[in-house]
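Worksheet: the structure to be examined is printed underneath.
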Amino acid sequence: MARITSLAAAVGELVRDGDTVALEGFTHLIPVAAGQEIIRQRKRDLTLVRMTPDIVYDQLIGAGCARKLIFSWGGNPGVGSLHRFRDAVQHAWPAALDIEEHSHAGMANRYVAGASGLPFAVLRGYVGTDLPTVTDTIKPITCPFTGEQLTAVPAINPDVTVIHAQRTDRAGNVQLWGLLGVQKEAVLAARRSLVTVEEIVDELTPVPGAIVLPAWAVTAVAEVPGGAHPSYAQGYSERDNDYYKTWDAISRDRAHFTRWLDENVYTATTETV
């Protein structure tokens, strides 16, 4: 059953040096506050997994938390590159970063395989591309029924998955809605999971299109209003477009980024529940 705790306590318990960690969310409900708490606690040697790493992964990489990134697209959405990501890959600052690149479909199917208890997923999407020549986790496989040449990708089973959602009840059942990605699959595939939420309520009221992650599937829940900022949480907050624009200038310069970390992450505190 999911435990309701503070963000700092949950990250301290669930995220360990050397872990494979997935922070998922698509366009909105991105667990930025949780990512910054991982930075604040100076977790190291993480393998970061995300279909679309954006600025929170830029921050994690620039802070020296990551040794590897498994992903399918990376960028500052609507603005441009992730400069801390680029610096790590091109110049090994603050540390060298290994990368493992897949397609969106490949990543989504890897999560589905992990959530389903399967060792790998099979798909057609890589046939005819050059990704198999640069990514070791894409392998050819022959269909035993038709003889068709397909590709296989291994399941993703993160040590920890972190997502943000709109709300949870006091038993730890989590409700989220709006434009969703692979949050459900990423949680079900993980060994441990943390969900930050906008609010804790006595009862979950129905919302069209909402999904509910039952308490038995979640390890810990932390109430973190605004925990998706600068992304948005449908029904609770709007996207902060200026933040994304400002991040481009902050992240371009190592000294500017380091000052930003000191002033906005390391000296900040999280509220306890």
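By order of appearance in the structure tokens: chains A, B, ..., then residues from 1 within every chain, and ligands from 1 in the order shown.
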
Next item on the list: Among the residues of stretch 61-272 of chain A, find those DSSP assigns to strand (DSSP E or B) from the backbone and print them as an MDAnalysis selection string.
Entry: chainID A and resid 66:71 76 80 98:101 120:123 139:142 149:154 160:169 174:176 192:201 211:213 220:223 232

Next item on the list: List the neighbours of A:Leu97 out to 6 Å using only C-alpha atoms; skip same-chain residues closer than 5 positions along the sequence, and give me the result as a PyMOL selection string.
Entry: chain A and resi 67-68+88-89

Note to self: Set the distance at 6 Å and use only C-alpha atoms: which residues neighbour stretch 226-238 of chain A once local chain neighbours fewer than 2 positions away are removed? I'd like the list as an MDAnalysis selection string.
What the structure shows: chainID A and resid 28:33 224 240

Item checked: Contact residues around stretch 244-259 of chain A with only C-alpha atoms at 9 Å, ignoring same-chain residues under 2 positions, as a list in words ->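 Counting only C-alpha atoms, the residues come to Ile55, Asp58, Gln59, Gly62, Ala63, Asn76, Pro77, Gly78, Val79, Gly80, Ser81, Leu82, His83, Arg84, Asp87, Trp93, Pro230, Asp240, Asn241, Asp242, Leu261, Asp262, Glu263 and Asn264 of chain A.
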
Item checked: Nearby residues (only C-alpha atoms) at most 8 Å from A:Gly181, same-chain spacing under 3 positions excluded, as a ChimeraX atom specification -> /A:24-26

Expected file: the selected residues, N, CA and C atoms, as a PDB file, in the first residue's frame:
ATOM      1  N   GLU A  24       8.633  10.290 -15.568  1.00  0.00           N
ATOM      2  CA  GLU A  24       7.800  10.342 -16.772  1.00  0.00           C
ATOM      3  C   GLU A  24       6.659  11.344 -16.634  1.00  0.00           C
ATOM      4  N   GLY A  25       6.203  11.790 -17.761  1.00  0.00           N
ATOM      5  CA  GLY A  25       5.140  12.766 -17.890  1.00  0.00           C
ATOM      6  C   GLY A  25       5.263  13.343 -19.278  1.00  0.00           C
ATOM      7  N   PHE A  26       4.150  13.630 -19.923  1.00  0.00           N
ATOM      8  CA  PHE A  26       4.197  14.061 -21.314  1.00  0.00           C
ATOM      9  C   PHE A  26       3.536  15.412 -21.459  1.00  0.00           C
TER      10      PHE A  26
END

Note to self: To one decimal place in Å, what is the distance between atom CA of A:Asp202 and atom CA of A:Asp169?
What the structure shows: 5.4 Å
